[in-house]
Amino acid sequence: MHVLVVANETVTGRKLIEAIEQHRGDPDFRVSVICPVTQPQRGYVVYQDTRRAAAGRRLDRTLSTLRDEGIAADGFVVESDPVTATRDAVAQLEPPVDEVIVATHPVEKSGWLRKNVVDRIRDAVAPRRVEHVVVDIQEEGGPADVLVIANETVVDEPLMNSIRDRAARGEARFVIISPQSDPTQSEHPDAERRLRRALAELRGAGIEAHGWVAHPDPFEAAMQEIHEERIDEIIVSTFGPERSGWLRKDLIQRLKDETNLPVQHVMSSVEAPT
């Protein structure tokens with residue numbers, strides 16, 4: 001009995017581990033776990049290793065748990081979408097895969113479910129059975145995923161302090177998106193430099209963070225990320241109201257109304273350039 005498990009952020013979930021253990025009656029039972037990691041389709045990723053490294057750490061914890069239970073388990077991180085990753089694994093793994101378990105976040109927080117991934121995997125691996133397991137990471141005491149939206153203020157101390165304070169209150173992972181100032185330009189070295197500095201500072205403090213230069217409209221950039229990934233909270237950093245185009249466009253309230261997520265607004269201590 002060879003079961004293929006497909007999961008990323010949910011790979012450490014107790015419900016997933018329990019679902020795997022229910023198959024262990026076969027004396028030759030073994031498990032292969034794949035963690036698909038996709039990069040944003042838009043924008044320039046800064047520190048491209050962060051998502052892959054974080055997925056690798058989660059995978060290692062799950063494999064250790066399974067092996068401690070006496071289950072033969074191996075796994076790997078792949079940089080492709082979950083449907084392609086599953087199809088490739090089923091075609092290549094030995095011994096042949098008998099069943100597939102797909103773990104996702106709850107429907108209201110799952111980018112995979114919004115993309116109909118489970119049904120697409122069923123079609124891709126038919127006639128094999130595909131089991132869908134829903135894992136609520138926060139309900140199980142796992143880290144919160146916090147989206148940070150900031151551009152010129154991304155390295156400001158008020159924002160850095162807010163992120164540090166949030167990390168100190170409870171386990172959290174941060175993704176920082178910096179909407180690009182000029183959408184007509186293909187490169188944004190200033191935005192990249194600021195973002196790289198912010199990420200280096202956070203990672204140096206032991207905080208899991210990654211990010212990229214994003215869509216020029218901060219609302220659209222936020223909604224793209226929420227569509228792609230599970231997000232539990234939002235932090236927005238802006239200049240003061242007299243200088244902030246984001247505040248003039250009512251960004252904070254629009255995000256609250258559209259996402260129903262907690263939105264924290266951090267005001268920069270530095271005046272915007274005139």
# chains A, B, ... in the order shown; residues from 1 in each chain; ligands from 1

$ residues_around --residues "Glu139 (chain A)" --least-positions-apart "4" --cutoff "10 Å" --atoms "only C-alpha atoms" --output "short mmCIF file (atom, residue, chain, number, x, y, z; two decimals) with N, CA and C atoms, in the first residue's frame"
data_model
loop_
_atom_site.label_atom_id
_atom_site.label_comp_id
_atom_site.auth_asym_id
_atom_site.auth_seq_id
_atom_site.Cartn_x
_atom_site.Cartn_y
_atom_site.Cartn_z
N GLY A 13 -0.38 19.14 9.99
CA GLY A 13 -1.66 19.10 10.70
C GLY A 13 -1.95 17.75 11.34
N VAL A 135 -7.51 20.79 7.10
CA VAL A 135 -6.70 21.07 8.29
C VAL A 135 -6.81 22.55 8.62
N PRO A 143 0.89 28.37 13.37
CA PRO A 143 1.18 29.80 13.18
C PRO A 143 0.12 30.50 12.35
#

$ select_by_dssp --residues "region 50-159 of chain A" --states "strand (DSSP E or B)" --output "JSON, numbers by chain"
{"A": [72, 73, 74, 75, 76, 77, 78, 99, 100, 101, 102, 103, 104, 129, 130, 131, 132, 133, 134, 144, 145, 146, 147, 148, 149]}

$ closest_atom_pairs --of "region 179-245 of chain A" --to "region 101-121 of chain A" --cutoff "10 Å" --atoms "only C-alpha atoms" --output "Markdown table"
| residue | atom | partner | partner_atom | distance |
| --- | --- | --- | --- | --- |
| A:Glu225 | CA | A:Gly111 | CA | 9.2 |
| A:Ile226 | CA | A:Gly111 | CA | 7.7 |
| A:His227 | CA | A:Gly111 | CA | 5.6 |
| A:Glu228 | CA | A:Gly111 | CA | 4.8 |
| A:Glu229 | CA | A:Gly111 | CA | 5.2 |
| A:Arg230 | CA | A:Lys109 | CA | 4.9 |
| A:Ile231 | CA | A:Lys109 | CA | 6.8 |
| A:Asp232 | CA | A:Lys109 | CA | 8.1 |

$ write_last_selection --atoms "N, CA, C and O atoms" --output "tab-separated table (two decimals), in the first residue's frame"
chain	number	residue	atom	x	y	z
A	225	GLU	N	-2.84	38.14	-3.36
A	225	GLU	CA	-2.17	37.27	-2.39
A	225	GLU	C	-3.18	36.47	-1.57
A	225	GLU	O	-2.99	35.27	-1.32
A	226	ILE	N	-4.28	37.10	-1.18
A	226	ILE	CA	-5.31	36.40	-0.42
A	226	ILE	C	-5.95	35.31	-1.26
A	226	ILE	O	-6.32	34.25	-0.75
A	227	HIS	N	-6.07	35.55	-2.56
A	227	HIS	CA	-6.61	34.52	-3.45
A	227	HIS	C	-5.66	33.34	-3.57
A	227	HIS	O	-6.10	32.19	-3.67
A	228	GLU	N	-4.36	33.61	-3.54
A	228	GLU	CA	-3.37	32.56	-3.75
A	228	GLU	C	-3.07	31.77	-2.48
A	228	GLU	O	-2.85	30.56	-2.52
A	229	GLU	N	-3.04	32.45	-1.34
A	229	GLU	CA	-2.55	31.84	-0.10
A	229	GLU	C	-3.52	32.07	1.05
A	229	GLU	O	-4.36	32.97	1.01
A	230	ARG	N	-3.36	31.26	2.09
A	230	ARG	CA	-4.12	31.47	3.32
A	230	ARG	C	-3.56	32.70	4.03
A	230	ARG	O	-2.36	32.81	4.27
A	231	ILE	N	-4.43	33.64	4.38
A	231	ILE	CA	-4.05	34.83	5.14
A	231	ILE	C	-5.01	34.97	6.31
A	231	ILE	O	-6.23	34.86	6.16
A	232	ASP	N	-4.45	35.22	7.51
A	232	ASP	CA	-5.26	35.35	8.72
A	232	ASP	C	-5.36	36.79	9.21
A	232	ASP	O	-6.35	37.15	9.85

$ residues_around --residues "Ala168 (chain A)" --least-positions-apart "4" --cutoff "12 Å" --atoms "only C-alpha atoms" --output "compact mmCIF listing (two decimals) with N, CA and C atoms, in the first residue's frame"
# COMPACT_ATOMS: atom_id res chain seq x y z
N PRO A 143 0.89 28.37 13.37
CA PRO A 143 1.18 29.80 13.18
C PRO A 143 0.12 30.50 12.35
N ASN A 161 8.62 47.33 14.33
CA ASN A 161 8.20 47.07 15.70
C ASN A 161 6.86 46.34 15.74
N SER A 162 5.95 46.71 14.85
CA SER A 162 4.64 46.05 14.81
C SER A 162 4.78 44.57 14.45
N ILE A 163 5.66 44.28 13.49
CA ILE A 163 5.89 42.89 13.10
C ILE A 163 6.55 42.12 14.24
N ARG A 164 7.54 42.73 14.89
CA ARG A 164 8.19 42.06 16.02
C ARG A 164 7.19 41.80 17.15
N ALA A 172 3.82 33.17 14.16
CA ALA A 172 3.29 33.78 12.95
C ALA A 172 4.32 33.75 11.84
N ARG A 173 3.82 33.70 10.61
CA ARG A 173 4.65 33.82 9.42
C ARG A 173 4.21 35.07 8.66
N ALA A 205 16.25 38.19 13.06
CA ALA A 205 15.64 38.12 14.39
C ALA A 205 14.89 36.80 14.59
N GLY A 206 15.03 35.89 13.64
CA GLY A 206 14.38 34.59 13.77
C GLY A 206 12.92 34.58 13.37
N ILE A 207 12.48 35.60 12.65
CA ILE A 207 11.08 35.70 12.21
C ILE A 207 10.98 35.18 10.78

$ select_by_dssp --residues "region 77-205 of chain A" --states "helix (DSSP H, G or I)" --output "PyMOL selection string"
chain A and resi 82-92+107-109+111-114+117-125+157-169+189-204

$ atom_distance --atom1 "CA of Gln253 (chain A)" --atom2 "CA of Pro218 (chain A)"
12.7 Å

$ closest_atom_pairs --of "region 172-223 of chain A" --to "region 52-74 of chain A" --cutoff "10 Å" --atoms "only C-alpha atoms" --output "JSON lines"
{"residue": "A:Arg173", "atom": "CA", "partner": "A:Ala54", "partner_atom": "CA", "distance": 9.7}
{"residue": "A:Glu208", "atom": "CA", "partner": "A:Ala54", "partner_atom": "CA", "distance": 8.0}
{"residue": "A:Ala209", "atom": "CA", "partner": "A:Ala54", "partner_atom": "CA", "distance": 9.6}
{"residue": "A:His210", "atom": "CA", "partner": "A:Ala54", "partner_atom": "CA", "distance": 10.0}

$ atom_distance --atom1 "CA of Asp26 (chain A)" --atom2 "CA of Gly75 (chain A)"
19.7 Å

$ closest_residue --among "A:Val213, A:Ala126, A:Ala150, A:Val78" --to "Asp98 (chain A)" --atoms "only C-alpha atoms"
A:Ala126
